[in-house]
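J.: data22.cif is the file, holding mmCIF, C-alpha atoms:
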data_query
loop_
_atom_site.label_atom_id
_atom_site.label_comp_id
_atom_site.auth_asym_id
_atom_site.auth_seq_id
_atom_site.Cartn_x
_atom_site.Cartn_y
_atom_site.Cartn_z
CA MET F 1 16.20 -19.06 58.90
CA LYS F 2 13.50 -16.36 58.90
CA LYS F 3 14.41 -15.38 62.47
CA SER F 4 18.11 -15.08 61.50
CA ILE F 5 17.30 -12.84 58.51
CA ILE F 6 15.09 -10.55 60.64
CA ARG F 7 17.78 -10.35 63.34
CA PHE F 8 20.50 -9.64 60.75
CA LEU F 9 18.49 -6.82 59.11
CA SER F 10 17.53 -5.37 62.49
CA LEU F 11 21.15 -5.32 63.63
CA ASN F 12 22.16 -3.55 60.41
CA ILE F 13 19.55 -0.85 60.94
CA ILE F 14 20.63 -0.36 64.56
CA PHE F 15 24.34 -0.17 63.65
CA VAL F 16 23.71 2.31 60.81
CA LEU F 17 21.63 4.56 63.07
CA CYS F 18 24.25 4.39 65.85
CA MET F 19 27.07 5.27 63.43
CA ILE F 20 25.07 8.17 61.96
CA LEU F 21 24.47 9.51 65.47
CA TYR F 22 28.12 9.01 66.48
CA ASN F 23 29.38 10.80 63.36
CA TYR F 24 26.85 13.60 63.79
CA VAL F 25 28.13 14.23 67.32
CA HIS F 26 31.75 14.31 66.05
CA ILE F 27 31.18 16.68 63.11
CA ASN F 28 31.91 19.73 65.29
CA MET F 29 35.11 18.07 66.47
CA ILE F 30 36.45 17.46 62.97
CA GLU F 31 35.59 21.05 61.99
CA TYR F 32 37.53 22.27 65.00
CA ASP F 33 40.41 19.89 64.21
CA ILE F 34 40.61 20.99 60.56
CA LYS F 35 40.71 24.65 61.53
CA ASN F 36 43.25 23.88 64.21
CA HIS F 37 45.30 21.97 61.64
CA TYR F 38 45.57 25.03 59.39
CA ASP F 39 46.21 27.24 62.41
CA ARG F 40 49.21 25.07 63.23
CA ILE F 41 50.57 25.64 59.73
CA ILE F 42 50.07 29.38 60.10
CA SER F 43 51.64 29.36 63.57
CA ALA F 44 54.72 27.57 62.20
CA SER F 45 54.86 30.08 59.35
CA ASN F 46 54.68 32.98 61.79
CA GLU F 47 57.67 31.59 63.66
CA PHE F 48 59.58 31.55 60.37
CA TYR F 49 58.51 35.15 59.82
CA GLN F 50 60.10 36.16 63.14
CA HIS F 51 63.29 34.28 62.29
CA TYR F 52 63.44 35.98 58.89
CA LEU F 53 63.41 39.42 60.49
CA ASN F 54 66.57 38.55 62.41
CA THR F 55 68.44 36.58 59.77
CA GLU F 56 71.87 37.59 58.51
CA VAL F 57 72.57 38.27 54.84
CA GLU F 58 75.47 37.23 52.63
CA ASN F 59 76.47 38.58 49.25
CA LYS F 60 76.08 35.89 46.59
CA GLU F 61 76.97 35.58 42.91
CA PRO F 62 74.27 34.35 40.50
CA GLY F 63 73.93 30.56 40.48
CA ILE F 64 72.43 27.52 42.12
CA TYR F 65 73.33 26.72 45.74
CA THR F 66 72.55 24.06 48.30
CA LEU F 67 70.74 25.28 51.38
CA SER F 68 74.01 25.05 53.28
CA GLY F 69 75.28 27.85 51.04
CA ASP F 70 77.66 25.83 48.86
CA LYS F 71 77.52 26.66 45.18
CA HIS F 72 76.00 23.76 43.31
CA ARG F 73 78.23 21.70 41.07
CA ASP F 74 77.88 18.06 41.96
CA TYR F 75 76.21 18.74 45.27
CA ASP F 76 73.00 16.89 46.13
CA LEU F 77 70.02 19.26 45.99
CA SER F 78 67.55 16.66 47.31
CA GLN F 79 67.83 18.32 50.74
CA GLY F 80 66.92 21.70 49.29
CA GLY F 81 68.61 24.53 47.45
CA PHE F 82 68.22 28.08 46.25
CA ILE F 83 68.71 30.05 43.04
CA VAL F 84 70.32 33.49 42.96
CA SER F 85 69.28 35.37 39.81
CA GLU F 86 71.66 38.34 40.25
CA LYS F 87 74.50 39.35 42.54
CA SER F 88 72.93 40.57 45.75
CA ASP F 89 72.69 40.23 49.50
CA VAL F 90 70.85 36.97 50.15
CA PRO F 91 69.34 36.05 53.55
CA ASN F 92 70.88 32.97 55.18
CA LEU F 93 67.70 30.92 55.56
CA ASN F 94 69.09 27.36 55.62
CA LYS F 95 68.53 26.76 59.33
CA TYR F 96 65.07 28.35 59.44
CA ILE F 97 63.71 26.64 56.33
CA ASN F 98 64.80 23.27 57.71
CA LEU F 99 63.23 24.06 61.09
CA LEU F 100 59.95 25.03 59.43
CA TYR F 101 59.98 21.90 57.23
CA LYS F 102 60.63 19.69 60.27
CA ASP F 103 57.80 21.37 62.17
CA LEU F 104 55.36 20.94 59.26
CA THR F 105 56.20 17.27 58.70
CA SER F 106 55.50 16.56 62.36
CA PHE F 107 51.75 16.84 61.63
CA ILE F 108 51.57 16.66 57.80
CA ASP F 109 52.59 13.57 55.85
CA LYS F 110 55.89 14.34 54.13
CA ASP F 111 54.69 13.08 50.75
CA LYS F 112 51.79 15.57 50.86
CA ILE F 113 54.11 18.61 50.92
CA LYS F 114 55.10 19.40 47.33
CA THR F 115 57.57 22.09 48.34
CA LEU F 116 58.35 24.73 50.90
CA SER F 117 59.64 27.85 49.17
CA VAL F 118 60.74 31.38 50.01
CA VAL F 119 61.11 33.83 47.13
CA THR F 120 62.77 37.24 47.28
CA PRO F 121 63.39 39.75 44.47
CA THR F 122 66.79 38.17 43.69
CA ALA F 123 66.75 34.65 45.24
CA SER F 124 64.37 31.71 45.50
CA PHE F 125 64.70 28.94 48.14
CA PHE F 126 63.12 25.49 47.75
CA LEU F 127 62.81 22.40 49.96
CA PRO F 128 62.68 19.97 48.23
CA PHE F 129 64.37 21.36 45.15
CA TYR F 130 63.01 20.24 41.74
CA PRO F 131 64.90 20.64 38.41
CA GLU F 132 62.02 22.56 36.80
CA TYR F 133 62.63 25.43 39.23
CA VAL F 134 65.83 26.27 37.31
CA ASP F 135 63.89 26.66 34.04
CA LEU F 136 61.19 28.71 35.77
CA ASP F 137 63.76 31.04 37.28
CA GLU F 138 65.35 31.61 33.89
CA LYS F 139 62.00 32.52 32.31
CA PHE F 140 60.31 34.46 35.12
CA ASN F 141 61.02 36.49 38.17
CA LEU F 142 59.37 34.15 40.69
CA PHE F 143 58.92 36.95 43.21
CA ASP F 144 56.84 38.96 40.72
CA VAL F 145 54.91 35.84 39.66
CA ALA F 146 53.97 35.11 43.28
CA ILE F 147 52.82 38.72 43.80
CA GLU F 148 50.62 38.55 40.71
CA LYS F 149 49.28 35.11 41.59
CA VAL F 150 47.57 36.14 44.81
CA LYS F 151 47.55 39.92 44.38
CA ILE F 152 49.95 40.60 47.25
CA ASN F 153 50.38 44.22 48.29
CA LYS F 154 53.97 45.43 48.14
CA LYS F 155 53.19 47.68 51.08
CA TYR F 156 52.07 46.21 54.40
CA SER F 157 48.30 46.06 54.77
CA THR F 158 46.38 44.77 57.79
CA ASP F 159 43.58 43.36 55.64
CA HIS F 160 45.80 41.25 53.43
CA ASN F 161 48.37 39.03 55.07
CA ILE F 162 48.14 35.21 54.99
CA THR F 163 46.24 33.52 52.18
CA ILE F 164 45.24 29.89 51.62
CA THR F 165 44.36 29.36 47.97
CA HIS F 166 41.75 26.99 46.61
CA ASP F 167 42.84 23.89 44.68
CA TYR F 168 44.64 24.52 41.40
CA ILE F 169 46.76 22.73 38.80
CA GLU F 170 50.38 23.88 38.69
CA ARG F 171 51.13 24.85 35.11
CA TYR F 172 54.55 23.30 34.69
CA SER F 173 54.40 20.16 36.81
CA ASN F 174 50.63 19.53 36.39
CA ASP F 175 50.51 18.83 40.12
CA HIS F 176 47.20 19.42 41.83
CA LEU F 177 48.02 21.78 44.72
CA ARG F 178 46.74 24.11 47.38
CA SER F 179 49.13 26.85 48.55
CA ILE F 180 49.52 28.66 51.84
CA ILE F 181 51.11 32.03 51.15
CA MET F 182 52.56 34.44 53.70
CA PRO F 183 54.11 37.75 52.63
CA VAL F 184 57.09 38.87 54.71
CA TYR F 185 57.26 42.62 55.30
CA VAL F 186 60.29 44.48 56.66
CA GLU F 187 59.60 48.09 57.63
CA LYS F 188 56.24 47.76 55.84
CA ASN F 189 57.90 46.83 52.54
CA LEU F 190 57.46 43.39 50.97
CA GLN F 191 60.82 41.58 51.24
CA ALA F 192 59.93 37.91 50.69
CA ILE F 193 57.06 35.51 50.16
CA LEU F 194 56.77 32.21 52.02
CA MET F 195 54.84 29.52 50.12
CA ILE F 196 53.83 26.07 51.33
CA ASP F 197 52.48 23.98 48.45
CA LEU F 198 50.34 21.04 49.66
CA LYS F 199 49.50 18.28 47.21
CA PHE F 200 45.87 17.51 46.38
CA GLY F 201 44.63 14.83 48.78
CA HIS F 202 46.34 16.41 51.76
CA MET F 203 42.98 17.07 53.42
CA GLU F 204 41.61 13.68 52.36
CA ASN F 205 44.63 12.14 54.01
CA TYR F 206 44.01 14.21 57.14
CA ILE F 207 40.36 13.08 57.23
CA LYS F 208 41.50 9.48 56.79
CA ASN F 209 43.83 9.79 59.78
CA TYR F 210 41.09 11.48 61.81
CA ASN F 211 38.74 8.60 60.99
CA ALA F 212 41.34 6.06 62.10
CA GLU F 213 41.91 7.83 65.42
CA ASN F 214 38.25 8.54 66.23
CA LEU F 215 36.45 5.61 64.55
CA THR F 216 34.44 8.02 62.38
CA GLN F 217 33.47 7.61 58.71
CA TYR F 218 33.83 11.02 57.06
CA GLU F 219 34.89 11.79 53.52
CA ARG F 220 35.43 14.84 51.33
CA ARG F 221 32.34 15.44 49.18
CA LYS F 222 32.01 17.44 45.97
CA GLN F 223 28.65 18.96 46.82
CA HIS F 224 26.50 19.79 49.79
CA ASN F 225 23.47 17.55 50.38
CA PHE F 226 21.81 15.46 53.10
CA PHE F 227 24.19 14.49 55.94
CA THR F 228 26.96 16.82 54.75
CA ARG F 229 28.38 19.99 56.22
CA TYR F 230 30.36 22.98 55.02
CA ILE F 231 33.59 23.48 56.92
CA THR F 232 35.18 26.86 56.27
CA ILE F 233 38.94 26.80 55.92
CA PRO F 234 40.50 29.76 57.74
CA TYR F 235 42.38 32.43 55.77
CA THR F 236 40.56 31.59 52.52
CA GLN F 237 39.18 34.36 50.36
CA ASN F 238 35.94 32.81 49.14
CA LYS F 239 33.64 29.82 49.45
CA LEU F 240 35.50 28.00 46.72
CA SER F 241 37.96 27.00 49.43
CA ASN F 242 35.32 25.58 51.76
CA LYS F 243 35.33 21.86 52.46
CA VAL F 244 32.20 19.75 52.23
CA ILE F 245 32.44 16.89 54.72
CA GLY F 246 29.92 14.06 54.56
CA LEU F 247 29.38 10.50 55.64
CA ASN F 248 31.11 7.69 53.77
CA TRP F 249 27.99 5.61 53.24
CA SER F 250 29.77 2.67 51.63
CA LYS F 251 32.08 2.47 54.65
CA ILE F 252 29.17 2.72 57.09
CA LEU F 253 27.24 -0.04 55.31
CA SER F 254 30.36 -2.18 55.07
CA ILE F 255 31.05 -1.84 58.81
CA SER F 256 27.39 -2.42 59.66
CA LEU F 257 27.20 -5.57 57.53
CA SER F 258 30.46 -6.86 58.98
CA LEU F 259 29.36 -6.26 62.58
CA ALA F 260 25.94 -7.80 61.98
CA PHE F 261 27.56 -10.80 60.29
CA VAL F 262 30.00 -11.30 63.18
CA ILE F 263 27.22 -11.05 65.77
CA GLU F 264 25.02 -13.42 63.78
CA LEU F 265 27.96 -15.82 63.56
CA ILE F 266 28.50 -15.54 67.33
CA VAL F 267 24.80 -16.17 67.96
CA HIS F 268 24.80 -19.29 65.79
CA LEU F 269 28.06 -20.47 67.32
CA SER F 270 26.65 -19.89 70.82
CA ILE F 271 23.50 -21.81 69.97
CA PHE F 272 25.58 -24.65 68.54
CA ILE F 273 27.85 -24.76 71.60
CA LYS F 274 24.85 -24.54 73.94
CA LYS F 275 23.10 -27.40 72.15
CA SER F 276 26.29 -29.45 72.08
CA LEU F 277 26.96 -28.91 75.78
CA LEU F 278 23.30 -29.48 76.64
CA SER F 279 23.34 -32.67 74.59
CA LEU F 280 26.36 -33.93 76.54
CA ILE F 281 24.56 -33.21 79.80
CA ILE F 282 21.08 -34.51 79.06
CA LYS F 283 21.72 -37.25 76.50
CA ASP F 284 23.37 -40.64 76.76
CA SER F 285 26.63 -40.63 74.78
CA MET F 286 26.18 -44.19 73.49
CA THR F 287 22.59 -44.01 72.26
CA GLY F 288 21.79 -40.29 71.94
CA CYS F 289 18.61 -40.88 74.00
CA TYR F 290 17.79 -38.72 77.02
CA ARG F 291 19.36 -39.77 80.31
CA ARG F 292 17.14 -41.21 83.03
CA ASN F 293 18.45 -38.77 85.67
CA ILE F 294 16.94 -35.76 83.87
CA PHE F 295 13.47 -37.36 83.54
CA ASP F 296 12.15 -35.41 86.57
CA PHE F 297 13.15 -32.12 84.94
CA TYR F 298 10.74 -32.76 82.04
CA TYR F 299 7.93 -34.89 83.47
CA LYS F 300 7.85 -34.87 87.29
CA ASN F 301 4.60 -32.88 87.44
CA LYS F 302 3.17 -33.71 84.01
CA SER F 303 -0.20 -35.36 83.37
CA ASN F 304 -2.10 -36.91 80.46
CA LYS F 305 0.89 -38.81 79.06
CA SER F 306 1.13 -42.16 77.29
CA LEU F 307 4.06 -44.46 78.00
CA ILE F 308 5.88 -47.25 76.19
CA LEU F 309 8.50 -49.17 78.19
CA LEU F 310 10.51 -51.65 76.12
CA ASP F 311 13.35 -54.08 76.61
CA ILE F 312 15.58 -56.17 74.32
CA ASP F 313 14.73 -59.86 74.55
CA HIS F 314 17.43 -62.25 75.75
CA PHE F 315 19.98 -59.45 75.90
CA LYS F 316 22.16 -61.20 78.48
CA ARG F 317 22.42 -64.19 76.18
CA ILE F 318 23.48 -61.92 73.29
CA ASN F 319 26.26 -60.47 75.43
CA ASP F 320 27.36 -63.86 76.72
CA GLN F 321 27.30 -65.59 73.33
CA TYR F 322 28.49 -62.83 70.99
CA GLY F 323 30.28 -60.43 73.30
CA HIS F 324 29.52 -56.97 74.65
CA ASP F 325 30.51 -55.29 71.39
CA GLU F 326 27.69 -57.08 69.62
CA GLY F 327 25.34 -56.19 72.45
CA ASP F 328 26.31 -52.53 72.08
CA LYS F 329 25.56 -52.70 68.36
CA VAL F 330 22.08 -54.06 69.08
CA ILE F 331 21.39 -51.23 71.57
CA LYS F 332 22.63 -48.60 69.08
CA CYS F 333 20.49 -50.05 66.29
CA LEU F 334 17.38 -49.92 68.48
CA ALA F 335 18.24 -46.40 69.75
CA LYS F 336 18.65 -45.16 66.18
CA ASN F 337 15.07 -46.21 65.41
CA LEU F 338 13.72 -44.76 68.66
CA ASN F 339 15.46 -41.37 68.31
CA GLN F 340 13.40 -40.73 65.19
CA LEU F 341 10.42 -40.39 67.56
CA ASN F 342 11.98 -37.48 69.51
CA SER F 343 10.05 -34.23 69.05
CA ASN F 344 8.64 -31.36 71.09
CA SER F 345 5.90 -33.68 72.39
CA THR F 346 7.73 -37.03 72.51
CA ARG F 347 10.98 -38.02 74.23
CA VAL F 348 12.91 -41.29 74.39
CA PHE F 349 14.88 -42.09 77.57
CA ARG F 350 17.48 -44.79 78.10
CA TRP F 351 15.87 -46.22 81.22
CA GLY F 352 18.39 -48.97 81.91
CA GLY F 353 21.13 -50.93 80.14
CA GLU F 354 18.89 -52.31 77.38
CA GLU F 355 15.64 -50.76 78.56
CA PHE F 356 14.03 -47.66 77.02
CA LEU F 357 11.08 -45.46 78.05
CA ILE F 358 9.09 -43.47 75.51
CA VAL F 359 6.86 -40.63 76.78
CA LEU F 360 4.18 -39.53 74.32
CA PRO F 361 1.16 -37.21 74.44
CA LYS F 362 -2.13 -38.81 75.48
CA LEU F 363 -3.23 -41.34 72.80
CA SER F 364 -6.11 -43.76 72.57
CA LYS F 365 -5.45 -47.39 73.49
CA LYS F 366 -5.59 -48.44 69.85
CA ALA F 367 -3.26 -45.66 68.64
CA LEU F 368 -0.82 -46.37 71.45
CA LEU F 369 -0.70 -50.13 70.68
CA ASN F 370 -0.25 -49.36 66.97
CA LYS F 371 2.70 -47.09 67.82
CA ALA F 372 4.25 -49.83 70.00
CA GLU F 373 3.78 -52.49 67.32
CA SER F 374 5.34 -50.19 64.72
CA ILE F 375 8.42 -49.83 66.94
CA ARG F 376 8.58 -53.57 67.51
CA THR F 377 8.32 -54.55 63.86
CA ASN F 378 10.72 -51.86 62.64
CA LEU F 379 13.67 -53.32 64.55
CA ASP F 380 15.72 -55.15 61.97
CA TYR F 381 18.86 -56.68 63.43
CA THR F 382 20.08 -60.20 62.69
CA LEU F 383 22.68 -61.98 64.81
CA GLN F 384 25.54 -64.07 63.47
CA ASP F 385 23.52 -67.32 63.82
CA GLY F 386 20.77 -65.84 61.64
CA SER F 387 18.34 -65.21 64.49
CA ARG F 388 16.50 -61.89 64.63
CA VAL F 389 16.72 -59.59 67.64
CA THR F 390 13.29 -58.88 69.18
CA ILE F 391 11.92 -56.55 71.82
CA SER F 392 9.07 -56.70 74.34
CA LEU F 393 6.94 -53.67 75.17
CA GLY F 394 4.69 -52.56 78.02
CA VAL F 395 2.13 -49.92 77.14
CA THR F 396 -0.05 -47.75 79.38
CA GLU F 397 -1.62 -44.33 79.88
CA GLN F 398 -1.42 -41.94 82.78
CA LYS F 399 -4.77 -41.89 84.55
CA ARG F 400 -6.51 -38.85 85.99
CA GLU F 401 -4.85 -37.55 89.17
CA GLU F 402 -2.14 -40.21 88.83
CA SER F 403 1.53 -39.34 89.02
CA ILE F 404 3.63 -40.28 86.04
CA PHE F 405 5.73 -42.58 88.23
CA GLN F 406 2.62 -44.68 89.00
CA ALA F 407 2.03 -44.96 85.26
CA ILE F 408 5.66 -46.05 84.71
CA TYR F 409 5.21 -48.72 87.39
CA ARG F 410 2.14 -50.04 85.52
CA ALA F 411 4.07 -49.99 82.20
CA ASP F 412 6.79 -52.04 83.90
CA ILE F 413 4.17 -54.64 84.93
CA ALA F 414 2.85 -54.69 81.33
CA LEU F 415 6.41 -55.25 80.07
CA TYR F 416 6.84 -58.13 82.55
CA GLN F 417 3.60 -59.66 81.22
CA SER F 418 4.91 -59.37 77.68
CA LYS F 419 8.07 -61.22 78.69
CA TYR F 420 6.08 -63.84 80.62
CA GLN F 421 3.78 -64.54 77.65
CA GLY F 422 6.60 -65.32 75.24
CA ARG F 423 8.35 -61.98 74.48
CA ASN F 424 8.38 -60.09 71.14
CA LYS F 425 4.96 -58.53 71.75
CA SER F 426 3.24 -55.42 73.12
CA MET F 427 1.01 -55.62 76.20
CA TYR F 428 -1.39 -52.90 77.36
CA LEU F 429 -2.30 -52.41 81.01
#
What is this file in structure tokens?

T.:
Amino acid sequence: MKKSIIRFLSLNIIFVLCMILYNYVHINMIEYDIKNHYDRIISASNEFYQHYLNTEVENKEPGIYTLSGDKHRDYDLSQGGFIVSEKSDVPNLNKYINLLYKDLTSFIDKDKIKTLSVVTPTASFFLPFYPEYVDLDEKFNLFDVAIEKVKINKKYSTDHNITITHDYIERYSNDHLRSIIMPVYVEKNLQAILMIDLKFGHMENYIKNYNAENLTQYERRKQHNFFTRYITIPYTQNKLSNKVIGLNWSKILSISLSLAFVIELIVHLSIFIKKSLLSLIIKDSMTGCYRRNIFDFYYKNKSNKSLILLDIDHFKRINDQYGHDEGDKVIKCLAKNLNQLNSNSTRVFRWGGEEFLIVLPKLSKKALLNKAESIRTNLDYTLQDGSRVTISLGVTEQKREESIFQAIYRADIALYQSKYQGRNKSMYL
């Protein structure tokens, strides 16, 4: 048990250190990926910018329209729409807004995009379109609100183009958002503002997907400390928009514990299977005692051993009179008693049909005879006629410079003497 606990704790420490190292190596990769992620959004926005410069315009009356240009009555606005606040020439942006939305949702989860919007001085486009936009348009000029929100210059300026805001709570919907804002200039005059509102958790969701693909364990952290790193989001105006990425310690410990548990389970299962298979190979299936044919493996070159060779008295008569099933029961009863002797220093072998050999460490003559007599008297098996089953034993010790097989031969002679002198006794030779 102690060994298992030490191995389990050691494996946990190794796994935690390996995961820390693996995540440390990948921190530059996730920083690159996050920056690349925002660059993809900006690249898609720039494509929209180019389309906007070449879009046609159409004179529209005030009202609410679907993106296809139909005036809204009972039309479904779930696929986007736009509001015209006064009669004016309105750019035909249906195709380009849908293209941009499709491009964005190819690498951003759709449910993390609150809305894609384009506002001009007289019209505001939304995909998806939410009912509250109608109320907002009636109360405010959304174009002016957007300009004020991020301090957009109405005249083109090289030092102020794309902006990614820090997290904020939208006043009317109470949604937690982060906006990507791109002013659209035509002949250096501000003509429109493209806004991509991402719901809070967008980056957490991105990190989650990155973890799943790369087997890392990062998470968004609120503050910078040990094993964390600042990752600067491009196009942000200040450090409030920086991300702090750190290790998800609960996830690391959970994975480490799970892996250590699985390995420990495999180790125990392997040991169990090994012991089971080894038992089938080296032990007799009927008695559970060691097989005779593996005796050489353990004792061929051993010395200083004591031996007890024993045999069931009148066993042939038991088989003939009561049947082989009864004989098997007698053998199993005796084997059950003998197997209690098995240890690191003592082994019991099934030497023949009803004959058993016990190999013990070197004992004195008296101690060895006492052990043999204890085995003999502990056998308690009564046959159907009321007679008690007995055993005869031959006891000896391996002499100096004598092979163990010579000692077994002498134990066999001692067993024969026990049989010759009336059975049910132990003889030492």

J.: Which residues, written as a list of chain:residue names, have at least one atom at most 9 Å from region 343-345 of chain F, with all atoms listed in the file counted and residues fewer than 6 positions away on the same chain left out?

T.: F:Val359, F:Leu360, F:Pro361

J.: If I take CA of Lys208 (chain F) and CA of Arg220 (chain F), how far is one from the other in Å, to one decimal?

T.: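 So the answer is 9.8 Å.
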
J.: For the provided coordinates, the residues matched by the PyMOL selection byres ((chain F and resi 287) around 9) should be stated as a PyMOL selection string.

T.: chain F and resi 283-286+288-290+331-336+339+350

J.: Give me the residues within 6 Å of Val57 (chain F) as a PyMOL selection string, counting all atoms listed in the file and dropping any in the same chain fewer than 5 places off.

T.: chain F and resi 89-92

J.: What does the PyMOL selection byres ((chain F and resi 211) around 12) select in this file, as a PyMOL selection string?

T.: chain F and resi 22-23+26-27+29-30+33+204-210+212-220+247-248+251-252

J.: Do a neighbour search on region 394-410 of chain F at 9 Å with all atoms listed in the file, toss out local chain neighbours closer than 6 positions, and write the hits as a PyMOL selection string.

T.: chain F and resi 299-311+357+362-365+368-369+372+416-418+425-429

J.: Take the residues from that selection and write them out as a compact mmCIF listing (two decimals), in the frame of the given file, keeping C-alpha atoms.

T.:
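The resulting file, selection_27.txt, is reproduced below:
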# COMPACT_ATOMS: atom_id res chain seq x y z
CA TYR F 299 7.93 -34.89 83.47
CA LYS F 300 7.85 -34.87 87.29
CA ASN F 301 4.60 -32.88 87.44
CA LYS F 302 3.17 -33.71 84.01
CA SER F 303 -0.20 -35.36 83.37
CA ASN F 304 -2.10 -36.91 80.46
CA LYS F 305 0.89 -38.81 79.06
CA SER F 306 1.13 -42.16 77.29
CA LEU F 307 4.06 -44.46 78.00
CA ILE F 308 5.88 -47.25 76.19
CA LEU F 309 8.50 -49.17 78.19
CA LEU F 310 10.51 -51.65 76.12
CA ASP F 311 13.35 -54.08 76.61
CA LEU F 357 11.08 -45.46 78.05
CA LYS F 362 -2.13 -38.81 75.48
CA LEU F 363 -3.23 -41.34 72.80
CA SER F 364 -6.11 -43.76 72.57
CA LYS F 365 -5.45 -47.39 73.49
CA LEU F 368 -0.82 -46.37 71.45
CA LEU F 369 -0.70 -50.13 70.68
CA ALA F 372 4.25 -49.83 70.00
CA TYR F 416 6.84 -58.13 82.55
CA GLN F 417 3.60 -59.66 81.22
CA SER F 418 4.91 -59.37 77.68
CA LYS F 425 4.96 -58.53 71.75
CA SER F 426 3.24 -55.42 73.12
CA MET F 427 1.01 -55.62 76.20
CA TYR F 428 -1.39 -52.90 77.36
CA LEU F 429 -2.30 -52.41 81.01

J.: Spell out the residues picked by the PyMOL selection byres ((chain F and resi 94) around 8) here, as a ChimeraX atom specification.

T.: /F:67-69,92-93,95-98

J.: For Arg376 (chain F), find every residue with an atom within 9 Å (counting all atoms listed in the file), except residues of its own chain fewer than 6 positions away, and show them as a PyMOL selection string.

T.: chain F and resi 390-393+424-426

J.: Might you pull out every residue within 9 Å of Leu257 (chain F), with only C-alpha atoms counted and same-chain residues fewer than 6 positions away left off, and present them as a short mmCIF file (atom, residue, chain, number, x, y, z; two decimals) with C-alpha atoms, in the frame of the given file?

T.:
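What landed in out.cif:
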data_model
loop_
_atom_site.label_atom_id
_atom_site.label_comp_id
_atom_site.auth_asym_id
_atom_site.auth_seq_id
_atom_site.Cartn_x
_atom_site.Cartn_y
_atom_site.Cartn_z
CA PHE F 8 20.50 -9.64 60.75
CA LEU F 9 18.49 -6.82 59.11
CA LEU F 11 21.15 -5.32 63.63
CA ASN F 12 22.16 -3.55 60.41
CA PHE F 15 24.34 -0.17 63.65
#

J.: Mind pulling up the distance from CA of Leu17 (chain F) to CA of Ile263 (chain F)?

T.: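 Separation of CA of Ile263 (chain F) and CA of Leu17 (chain F): 16.8 Å.
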
J.: As an exercise, work out the distance from CA of Glu373 (chain F) to CA of Glu326 (chain F) in Å and give it to one decimal place.

T.: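 Answer for the CA of Glu373 (chain F) to CA of Glu326 (chain F) separation: 24.5 Å.
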
J.: Taking into account all atoms listed in the file, which residue in the set F:Ile281, F:Ile41, F:Ala146, F:Leu21 is nearest to Pro234 (chain F)?

T.: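 Nearest candidate to Pro234 (chain F) out of F:Ile281, F:Ile41, F:Ala146, F:Leu21: F:Ile41.
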